[in-house]
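Heads up, run04.cif below (mmCIF, C-alpha atoms):
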```cif
data_final
loop_
_atom_site.label_atom_id
_atom_site.label_comp_id
_atom_site.auth_asym_id
_atom_site.auth_seq_id
_atom_site.Cartn_x
_atom_site.Cartn_y
_atom_site.Cartn_z
CA MET D 1 1.63 27.21 -2.30
CA ALA D 2 0.71 24.50 0.19
CA PRO D 3 -2.07 25.33 2.69
CA ARG D 4 -0.84 26.68 6.04
CA GLY D 5 0.15 23.85 8.34
CA ARG D 6 0.33 21.33 5.50
CA PRO D 7 3.84 20.24 4.46
CA SER D 8 4.90 20.95 0.90
CA ARG D 9 5.31 18.12 -1.56
CA ARG D 10 9.06 18.71 -1.58
CA SER D 11 9.26 18.41 2.21
CA LEU D 12 7.27 15.16 2.04
CA TYR D 13 9.72 13.78 -0.52
CA GLU D 14 12.63 14.76 1.74
CA ARG D 15 10.94 13.16 4.73
CA LEU D 16 10.40 9.94 2.80
CA ASP D 17 14.01 9.91 1.54
CA ALA D 18 15.22 10.34 5.13
CA ALA D 19 12.94 7.53 6.37
CA ILE D 20 14.14 5.15 3.66
CA ALA D 21 17.77 6.07 4.40
CA GLN D 22 17.18 5.36 8.10
CA LEU D 23 15.49 2.07 7.28
CA ASN D 24 18.43 1.00 5.09
CA GLU D 25 21.35 2.42 7.09
CA ASP D 26 20.18 1.79 10.65
CA TYR D 27 18.16 -1.41 10.20
CA GLY D 28 19.50 -3.03 7.03
CA GLY D 29 16.39 -2.38 4.92
CA LEU D 30 13.04 -4.13 5.01
CA PRO D 31 12.58 -6.74 7.75
CA SER D 32 13.85 -10.27 7.32
CA GLU D 33 11.33 -13.09 7.13
CA GLU D 34 11.88 -13.88 10.80
CA GLN D 35 11.32 -10.25 11.83
CA ALA D 36 8.44 -9.66 9.46
CA ALA D 37 5.69 -12.01 10.63
CA ASP D 38 3.93 -9.59 12.98
CA ILE D 39 4.62 -6.53 10.82
CA TRP D 40 3.21 -7.92 7.61
CA SER D 41 0.39 -9.78 9.36
CA ASP D 42 -1.16 -6.56 10.65
CA LEU D 43 -0.51 -4.72 7.38
CA TRP D 44 -1.86 -7.71 5.41
CA HIS D 45 -5.13 -7.71 7.36
CA ARG D 46 -5.59 -3.96 6.89
CA ASP D 47 -4.67 -4.01 3.21
CA THR D 48 -7.09 -6.87 2.48
CA HIS D 49 -9.91 -5.16 4.37
CA HIS D 50 -9.48 -1.69 2.92
CA SER D 51 -8.70 -2.63 -0.68
CA THR D 52 -11.77 -4.86 -0.93
CA ALA D 53 -13.88 -2.31 0.97
CA ILE D 54 -12.97 0.35 -1.60
CA GLU D 55 -14.69 -1.91 -4.15
CA GLY D 56 -17.81 -2.33 -2.00
CA ASN D 57 -17.05 -5.29 0.29
CA THR D 58 -18.83 -4.84 3.65
CA LEU D 59 -16.79 -7.12 5.94
CA ALA D 60 -15.45 -5.19 8.94
CA LEU D 61 -11.73 -5.31 9.76
CA GLU D 62 -12.32 -7.68 12.70
CA ASP D 63 -14.26 -10.02 10.37
CA VAL D 64 -11.37 -10.00 7.91
CA GLU D 65 -8.89 -10.76 10.69
CA GLN D 66 -10.98 -13.69 11.95
CA LEU D 67 -11.51 -15.03 8.44
CA LEU D 68 -7.81 -14.93 7.59
CA GLU D 69 -6.54 -16.25 10.91
CA ARG D 70 -9.32 -18.64 11.97
CA GLY D 71 -11.16 -19.39 8.73
CA ARG D 72 -14.49 -18.05 10.00
CA THR D 73 -16.24 -14.92 11.25
CA THR D 74 -19.06 -14.20 13.71
CA HIS D 75 -21.20 -12.21 11.25
CA ALA D 76 -23.22 -13.62 8.38
CA LYS D 77 -22.43 -12.04 5.01
CA PRO D 78 -22.97 -13.17 1.41
CA MET D 79 -20.52 -15.92 0.39
CA VAL D 80 -19.15 -13.77 -2.42
CA GLU D 81 -17.84 -11.23 0.11
CA TYR D 82 -15.84 -13.89 1.97
CA LEU D 83 -14.41 -15.15 -1.31
CA GLU D 84 -13.43 -11.63 -2.40
CA VAL D 85 -11.49 -11.20 0.83
CA ARG D 86 -9.91 -14.65 0.69
CA GLY D 87 -8.82 -14.25 -2.93
CA TYR D 88 -7.31 -10.82 -2.35
CA ALA D 89 -5.54 -12.09 0.77
CA ASP D 90 -4.02 -15.03 -1.13
CA ALA D 91 -2.59 -12.69 -3.77
CA ALA D 92 -1.45 -10.15 -1.15
CA LYS D 93 0.35 -12.83 0.86
CA TRP D 94 2.55 -13.60 -2.13
CA VAL D 95 3.13 -9.88 -2.75
CA TYR D 96 4.16 -9.38 0.89
CA SER D 97 6.57 -12.29 0.65
CA GLN D 98 8.50 -10.23 -1.86
CA ALA D 99 8.89 -7.46 0.75
CA ARG D 100 10.27 -9.92 3.29
CA ARG D 101 13.24 -10.50 1.06
CA GLY D 102 13.91 -6.77 1.06
CA GLY D 103 14.24 -6.69 -2.70
CA ALA D 104 17.07 -9.25 -2.69
CA GLY D 105 17.47 -11.50 -5.68
CA GLN D 106 16.08 -9.02 -8.18
CA ALA D 107 19.33 -8.02 -9.85
CA ASP D 108 19.41 -11.07 -12.11
CA ARG D 109 15.76 -11.00 -13.20
CA PRO D 110 13.15 -8.47 -14.35
CA LEU D 111 11.41 -6.36 -11.75
CA LEU D 112 8.09 -7.64 -13.08
CA THR D 113 6.81 -10.01 -15.76
CA LEU D 114 3.59 -10.13 -17.71
CA GLN D 115 2.93 -13.61 -16.29
CA GLU D 116 3.13 -12.20 -12.76
CA VAL D 117 0.57 -9.53 -13.68
CA ARG D 118 -1.79 -12.21 -14.92
CA ASN D 119 -1.12 -14.40 -11.88
CA VAL D 120 -1.90 -11.61 -9.39
CA HIS D 121 -5.26 -11.12 -11.10
CA TYR D 122 -5.86 -14.87 -11.18
CA GLN D 123 -5.19 -15.28 -7.46
CA THR D 124 -7.34 -12.25 -6.63
CA MET D 125 -10.38 -13.29 -8.65
CA ARG D 126 -10.35 -17.08 -8.94
CA LEU D 127 -12.41 -17.93 -5.83
CA VAL D 128 -15.16 -15.41 -6.33
CA TRP D 129 -15.26 -16.22 -10.07
CA GLU D 130 -16.24 -19.81 -9.28
CA VAL D 131 -19.36 -18.57 -7.47
CA GLU D 132 -20.16 -15.29 -9.20
CA PRO D 133 -18.30 -14.68 -12.48
CA HIS D 134 -18.69 -11.37 -14.26
CA PRO D 135 -22.07 -11.54 -16.04
CA HIS D 136 -20.65 -10.37 -19.38
CA ALA D 137 -17.41 -12.34 -19.36
CA SER D 138 -16.75 -14.72 -22.25
CA GLU D 139 -14.93 -18.04 -21.88
CA GLN D 140 -11.72 -16.20 -22.81
CA GLU D 141 -12.11 -13.63 -20.00
CA GLY D 142 -11.62 -15.64 -16.83
CA PRO D 143 -9.22 -14.84 -13.99
CA GLY D 144 -5.80 -13.96 -15.42
CA ASP D 145 -7.14 -13.30 -18.93
CA PHE D 146 -7.14 -9.87 -20.52
CA ARG D 147 -10.54 -8.45 -21.40
CA ARG D 148 -12.21 -8.87 -24.78
CA HIS D 149 -14.81 -6.20 -24.13
CA GLN D 150 -14.76 -2.47 -24.63
CA ILE D 151 -14.93 -0.39 -21.45
CA ALA D 152 -17.25 2.59 -21.21
CA ARG D 153 -15.84 6.04 -20.64
CA PHE D 154 -15.08 6.80 -16.97
CA PRO D 155 -17.01 9.53 -15.08
CA GLY D 156 -14.12 11.98 -15.52
CA GLY D 157 -14.08 11.47 -19.27
CA MET D 158 -11.13 9.06 -19.65
CA LYS D 159 -11.80 6.07 -21.92
CA PRO D 160 -9.67 2.91 -21.63
CA PRO D 161 -8.15 1.62 -24.88
CA SER D 162 -9.88 -0.89 -27.14
CA TRP D 163 -9.53 -4.49 -25.98
CA THR D 164 -7.51 -5.18 -29.14
CA GLU D 165 -4.77 -2.90 -27.78
CA VAL D 166 -4.66 -4.26 -24.24
CA ASP D 167 -2.04 -6.98 -24.76
CA SER D 168 0.34 -4.59 -26.52
CA GLN D 169 -0.17 -1.81 -23.99
CA MET D 170 0.33 -4.16 -21.04
CA ARG D 171 3.60 -5.40 -22.52
CA THR D 172 4.67 -1.78 -22.80
CA TRP D 173 3.55 -1.17 -19.21
CA VAL D 174 5.63 -4.09 -17.92
CA ASP D 175 8.65 -2.79 -19.87
CA GLU D 176 8.13 0.64 -18.31
CA ALA D 177 7.90 -0.89 -14.84
CA CYS D 178 11.13 -2.81 -15.38
CA GLY D 179 12.86 0.36 -16.60
CA MET D 180 11.10 2.74 -14.23
CA ASP D 181 14.28 4.68 -13.45
CA GLU D 182 14.15 5.91 -17.04
CA LEU D 183 10.62 7.27 -16.69
CA PRO D 184 10.17 11.04 -16.34
CA GLY D 185 9.56 12.43 -12.88
CA GLY D 186 11.53 14.32 -10.29
CA HIS D 187 11.06 11.76 -7.51
CA VAL D 188 10.70 7.98 -7.57
CA MET D 189 7.17 8.24 -6.10
CA GLU D 190 6.12 10.16 -9.20
CA ARG D 191 7.18 7.14 -11.26
CA PHE D 192 5.21 4.79 -9.01
CA ALA D 193 2.23 7.13 -9.40
CA TYR D 194 2.60 7.06 -13.18
CA LEU D 195 2.74 3.25 -13.27
CA HIS D 196 -0.25 2.82 -10.95
CA HIS D 197 -2.34 5.30 -12.89
CA ARG D 198 -1.31 3.88 -16.25
CA PHE D 199 -2.38 0.37 -15.20
CA GLU D 200 -5.80 1.64 -14.15
CA GLN D 201 -6.02 3.63 -17.37
CA VAL D 202 -5.43 0.54 -19.53
CA HIS D 203 -7.92 -1.39 -17.38
CA PRO D 204 -6.69 -4.71 -18.78
CA PHE D 205 -9.22 -7.05 -17.14
CA ILE D 206 -13.00 -7.19 -17.34
CA ASP D 207 -13.22 -7.01 -13.53
CA GLY D 208 -10.87 -6.62 -10.55
CA ASN D 209 -8.63 -3.90 -11.99
CA GLY D 210 -8.66 -1.77 -8.84
CA ARG D 211 -7.65 -4.58 -6.51
CA THR D 212 -5.08 -5.96 -8.96
CA GLY D 213 -3.62 -2.51 -9.59
CA ARG D 214 -3.11 -1.86 -5.87
CA LEU D 215 -1.50 -5.28 -5.42
CA LEU D 216 0.86 -4.67 -8.34
CA LEU D 217 1.76 -1.27 -6.91
CA ASN D 218 2.68 -2.97 -3.63
CA LEU D 219 4.67 -5.59 -5.52
CA LEU D 220 6.71 -2.91 -7.26
CA LEU D 221 7.20 -1.00 -4.01
CA ALA D 222 8.31 -4.14 -2.17
CA ARG D 223 10.78 -5.16 -4.85
CA ARG D 224 12.29 -1.68 -4.83
CA GLY D 225 12.81 -1.80 -1.05
CA PHE D 226 9.76 0.21 0.05
CA THR D 227 7.11 -0.98 2.49
CA PRO D 228 3.75 -2.03 1.03
CA ILE D 229 0.99 0.52 1.56
CA VAL D 230 -2.67 0.54 2.58
CA ILE D 231 -5.11 2.97 0.96
CA GLU D 232 -7.89 3.11 3.52
CA LYS D 233 -11.57 3.06 2.66
CA ARG D 234 -12.03 6.48 4.30
CA HIS D 235 -9.64 7.88 1.68
CA ARG D 236 -11.53 6.33 -1.23
CA ASP D 237 -12.90 9.58 -2.61
CA ARG D 238 -9.53 11.33 -2.39
CA TYR D 239 -7.84 8.34 -4.06
CA LEU D 240 -10.34 8.37 -6.93
CA ASP D 241 -9.96 12.14 -7.26
CA CYS D 242 -6.18 11.68 -7.51
CA LEU D 243 -6.62 9.09 -10.27
CA GLN D 244 -9.02 11.41 -12.09
CA ALA D 245 -6.53 14.29 -11.80
CA ALA D 246 -3.90 11.96 -13.28
CA ASP D 247 -6.27 11.33 -16.21
CA ALA D 248 -5.95 15.05 -16.90
CA GLY D 249 -2.14 14.87 -16.71
CA ASN D 250 -1.63 15.88 -13.06
CA LEU D 251 0.23 13.04 -11.31
CA SER D 252 1.48 15.11 -8.39
CA ARG D 253 -1.59 14.59 -6.18
CA LEU D 254 -1.40 10.80 -6.58
CA ALA D 255 2.36 10.84 -5.95
CA GLU D 256 1.83 12.84 -2.76
CA MET D 257 -0.81 10.38 -1.56
CA LEU D 258 1.56 7.46 -2.16
CA VAL D 259 4.35 9.22 -0.25
CA ARG D 260 2.07 9.67 2.75
CA GLN D 261 1.03 6.02 2.70
CA VAL D 262 4.62 4.73 2.44
CA LEU D 263 5.61 6.95 5.35
CA ASP D 264 2.66 5.64 7.33
CA SER D 265 3.72 2.03 6.68
CA ILE D 266 7.34 2.72 7.65
CA GLU D 267 6.55 4.67 10.79
CA ARG D 268 3.60 2.63 12.06
CA PHE D 269 4.70 -0.89 11.15
CA ALA D 270 8.35 -1.31 10.09
CA LEU D 271 10.33 0.94 12.45
CA PRO D 272 8.54 -0.03 15.68
CA ALA D 273 9.27 -3.70 15.07
CA LEU D 274 12.89 -3.15 14.07
CA ALA D 275 13.99 -0.54 16.59
CA ALA D 276 15.67 -1.51 19.83
CA ARG D 277 13.97 -0.32 23.01
CA GLU D 278 16.36 2.64 23.41
CA GLN D 279 16.59 3.60 19.73
CA LEU D 280 15.09 6.94 18.70
CA VAL D 281 12.28 6.74 16.15
CA PRO D 282 9.44 9.09 15.10
CA LEU D 283 6.55 9.36 17.56
CA ALA D 284 4.20 7.82 14.98
CA SER D 285 6.20 4.61 15.40
CA LEU D 286 5.53 4.50 19.12
CA THR D 287 1.76 4.80 19.34
CA THR D 288 -0.18 2.09 21.19
CA ASP D 289 -3.78 1.40 22.13
CA ALA D 290 -3.10 3.44 25.26
CA VAL D 291 -1.60 6.57 23.68
CA ASN D 292 -1.75 8.27 20.27
CA GLU D 293 0.76 10.49 18.48
CA PRO D 294 -0.72 13.87 19.52
CA SER D 295 -0.60 12.78 23.18
CA LEU D 296 3.04 11.75 22.83
CA ARG D 297 3.88 15.04 21.13
CA ALA D 298 2.18 16.99 23.92
CA ALA D 299 4.08 14.97 26.53
CA ALA D 300 7.37 15.64 24.72
CA ILE D 301 6.66 19.39 24.57
CA ARG D 302 5.82 19.43 28.29
CA GLY D 303 8.99 17.51 29.08
CA ARG D 304 7.14 14.51 30.48
CA LEU D 305 8.37 12.19 27.72
CA ARG D 306 12.09 11.80 27.05
CA ALA D 307 12.32 12.97 23.44
CA ALA D 308 14.36 15.08 21.05
CA LYS D 309 13.78 16.94 17.81
CA ASN D 310 15.69 16.01 14.67
CA GLU D 311 17.03 18.48 12.09
CA ALA D 312 13.64 18.54 10.35
CA GLY D 313 11.92 19.57 13.58
CA ARG D 314 10.17 16.22 14.15
CA TRP D 315 9.97 14.70 17.62
CA LEU D 316 11.78 11.40 18.21
CA SER D 317 11.62 9.13 21.22
CA SER D 318 12.15 5.48 22.12
CA ARG D 319 10.02 2.53 23.11
CA ALA D 320 11.64 2.50 26.54
CA ALA D 321 10.88 6.21 27.04
CA VAL D 322 7.23 5.70 26.12
CA GLU D 323 6.91 2.77 28.51
CA GLU D 324 8.43 4.92 31.23
CA TYR D 325 6.05 7.80 30.43
CA LEU D 326 2.97 5.53 30.44
CA ALA D 327 3.96 4.06 33.79
CA LYS D 328 4.28 7.51 35.36
CA ARG D 329 1.78 9.71 33.54
CA TYR D 330 -0.97 9.39 36.16
CA GLN D 331 1.41 9.90 39.05
CA ARG D 332 1.44 13.28 40.72
#
```

Translate the structure of the given file into structure tokens.
Amino acid sequence: MAPRGRPSRRSLYERLDAAIAQLNEDYGGLPSEEQAADIWSDLWHRDTHHSTAIEGNTLALEDVEQLLERGRTTHAKPMVEYLEVRGYADAAKWVYSQARRGGAGQADRPLLTLQEVRNVHYQTMRLVWEVEPHPHASEQEGPGDFRRHQIARFPGGMKPPSWTEVDSQMRTWVDEACGMDELPGGHVMERFAYLHHRFEQVHPFIDGNGRTGRLLLNLLLARRGFTPIVIEKRHRDRYLDCLQAADAGNLSRLAEMLVRQVLDSIERFALPALAAREQLVPLASLTTDAVNEPSLRAAAIRGRLRAAKNEAGRWLSSRAAVEEYLAKRYQR
């Protein structure tokens, strides 16, 4: 039983299905390239910051934004940290370009290729590798090359396969990704969770598996018509716990985490940019620097914000209604 006040996994799946249906039916799916610039720019900055921060990078979000947009920052950090961010951002930019097409053009080609897996790792690691390569890497283990070292057992007890099995297991993984609808699981997010966990379990590269795995997850999501996600640094421990639970055969916690992050991306980034000023969208899509979701919910309950509840009991409002509320909220 889910804790009181916390939605069940089933209700989260239903909420995600409804959000995807709204995205497809009301807005024609993921944003076009012309619509997407601001949406993906903000998401791209956050993804680059948080995914590298999970691995220990200390650049703040504002530093990442300045580095990616202006080529410099105001704080001095080790060169390797800038190169980690720049390399991840280069790979992520290509991944996000796949989302801009809304999954179009995939019917006549595989969802993913082994060369694309290698290329994502190459783009992610190439810059930092030139300055600070992995100390134990051989000449055959550069960016884009599968490892030729054994990996020690993880803290939870899981041990990645021998390096001699990596190529074969990665080919199987790509085949599973391409045929993901045939994988077991009651909801598509459970299949995404399986694929993400399985990649991390194989650990195909000598370094950079976490960053590459999250980029490949976003690539698969984007090509299947879902928004890319950001796993924030503050959720690092929960994320690692979910992966460790998956090591023991429990994928449900990881699937639930992915559902929440996709919903967050849809409601905070995609819907606000696509919705017309009068169109009803979830309150999470209407937050600004001036007002957060709890404040909007309270205003809706008090009748100060024009809003309505949907069949699931969630408050909906419009951009125009929020602007009207903000203009009047301090009036007596």

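Minimum atom-to-atom distance to Glu200 in chain D, evaluated using only C-alpha atoms, belongs to D:Asp247 out of D:Asp247, D:Glu69, D:Asp175, D:Asp181.
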
Given the file above and the PyMOL selection byres ((chain D and resi 233) around 12), which residues are selected, and can you give them as a CSV table (one decimal) with C-alpha atoms, keeping the file's coordinate frame?
```
chain,number,residue,atom,x,y,z
D,46,ARG,CA,-5.6,-4.0,6.9
D,47,ASP,CA,-4.7,-4.0,3.2
D,48,THR,CA,-7.1,-6.9,2.5
D,49,HIS,CA,-9.9,-5.2,4.4
D,50,HIS,CA,-9.5,-1.7,2.9
D,51,SER,CA,-8.7,-2.6,-0.7
D,52,THR,CA,-11.8,-4.9,-0.9
D,53,ALA,CA,-13.9,-2.3,1.0
D,54,ILE,CA,-13.0,0.4,-1.6
D,55,GLU,CA,-14.7,-1.9,-4.2
D,56,GLY,CA,-17.8,-2.3,-2.0
D,57,ASN,CA,-17.0,-5.3,0.3
D,58,THR,CA,-18.8,-4.8,3.6
D,59,LEU,CA,-16.8,-7.1,5.9
D,60,ALA,CA,-15.4,-5.2,8.9
D,61,LEU,CA,-11.7,-5.3,9.8
D,230,VAL,CA,-2.7,0.5,2.6
D,231,ILE,CA,-5.1,3.0,1.0
D,232,GLU,CA,-7.9,3.1,3.5
D,234,ARG,CA,-12.0,6.5,4.3
D,235,HIS,CA,-9.6,7.9,1.7
D,236,ARG,CA,-11.5,6.3,-1.2
D,237,ASP,CA,-12.9,9.6,-2.6
D,238,ARG,CA,-9.5,11.3,-2.4
D,239,TYR,CA,-7.8,8.3,-4.1
D,240,LEU,CA,-10.3,8.4,-6.9
```

Each residue of range 160-181 of chain D lying at most 12 Å from range 214-224 of chain D should get a row with its shortest atom-to-atom pair and the distance in Å to one decimal, counting only C-alpha atoms; could you produce that, ordered by chain and increasing number, as CSV?
```
residue,atom,partner,partner_atom,distance
D:Trp173,CA,D:Leu216,CA,11.7
D:Val174,CA,D:Leu216,CA,10.7
D:Glu176,CA,D:Leu220,CA,11.7
D:Ala177,CA,D:Leu220,CA,7.9
D:Cys178,CA,D:Leu220,CA,9.2
D:Gly179,CA,D:Leu220,CA,11.7
D:Met180,CA,D:Leu220,CA,10.0
D:Asp181,CA,D:Arg224,CA,10.9
```

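This file, filtered with the PyMOL selection byres ((chain D and resi 134-136) around 12), gives the residues Met125, Arg126, Val128, Trp129, Glu130, Val131, Glu132, Pro133, Ala137, Ser138, Glu139, Gln140, Glu141, Gly142, Pro143, Arg147, Arg148, His149, Gln150, Ile151, Phe205, Ile206, Asp207 and Gly208 of chain D.
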
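Checking D:Leu280, D:Leu23, D:Ala91, D:Ala246 one by one against Phe226 in chain D, counting all atoms listed in the file, you find the shortest gap at D:Leu23.
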
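Evaluating the PyMOL selection byres ((chain D and resi 112-121) around 6) against the shown model yields Ala91, Pro110, Leu111, Tyr122, Gln123, Thr124, Gly144 and Thr212 of chain D.
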
Quiz prompt | Residue neighbourhood Lys328 in chain D, 10 Å, all atoms listed in the file, exclusion window fewer than 5 positions, as a list in words | solution = Arg304, Leu305, Val322 and Glu323 of chain D

Exercise. State, in Å with one decimal place, the distance from CA of Arg306 in chain D to CA of Ala275 in chain D.
Key: 16.3 Å

Practice problem: Could you tell me how far CA of Glu81 in chain D lies from CA of Asp63 in chain D, in Å and to one decimal? | Solution: 10.9 Å

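Shortest separation to Ser285 in chain D among D:Ala298, D:Ile229, D:Ala19, D:Leu83 occurs at residue D:Ala19, atoms counted being all atoms listed in the file.
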
Quiz prompt | Selected residue, from D:Pro204, D:Pro7, D:Gly185, D:Pro160, that lies nearest to Ala255 in chain D when counting all atoms listed in the file | solution = D:Gly185

How big is the axis-aligned box around all listed atoms of range 304-312 of chain D once 3 Å goes on each side, and where's its centre, in Å to one decimal, as AutoDock Vina command-line options?
```
--center_x 12.1 --center_y 15.2 --center_z 20.4 --size_x 15.9 --size_y 12.7 --size_z 26.1
```

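CA of Leu283 in chain D is found 7.2 Å from CA of Arg297 in chain D.
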
Could the residues of range 101-207 of chain D that have an atom at most 9 Å from range 257-262 of chain D be listed as JSON lines, each with its closest atom pair and the distance in Å to one decimal, counting all atoms listed in the file and ordered by chain and ascending residue number?
```
{"residue": "D:Met189", "atom": "CA", "partner": "D:Val259", "partner_atom": "CA", "distance": 6.6}
{"residue": "D:Glu190", "atom": "CA", "partner": "D:Leu258", "partner_atom": "CA", "distance": 8.8}
{"residue": "D:Phe192", "atom": "CA", "partner": "D:Leu258", "partner_atom": "CA", "distance": 8.2}
{"residue": "D:Ala193", "atom": "CA", "partner": "D:Leu258", "partner_atom": "CA", "distance": 7.3}
```

Exercise. Quick one: residues within 10 Å of (-4.3, 8.6, -18.3) (file frame), counting only C-alpha atoms, please, as a VMD selection string.
Key: chain D and resid 158 to 160 194 197 to 202 243 to 251
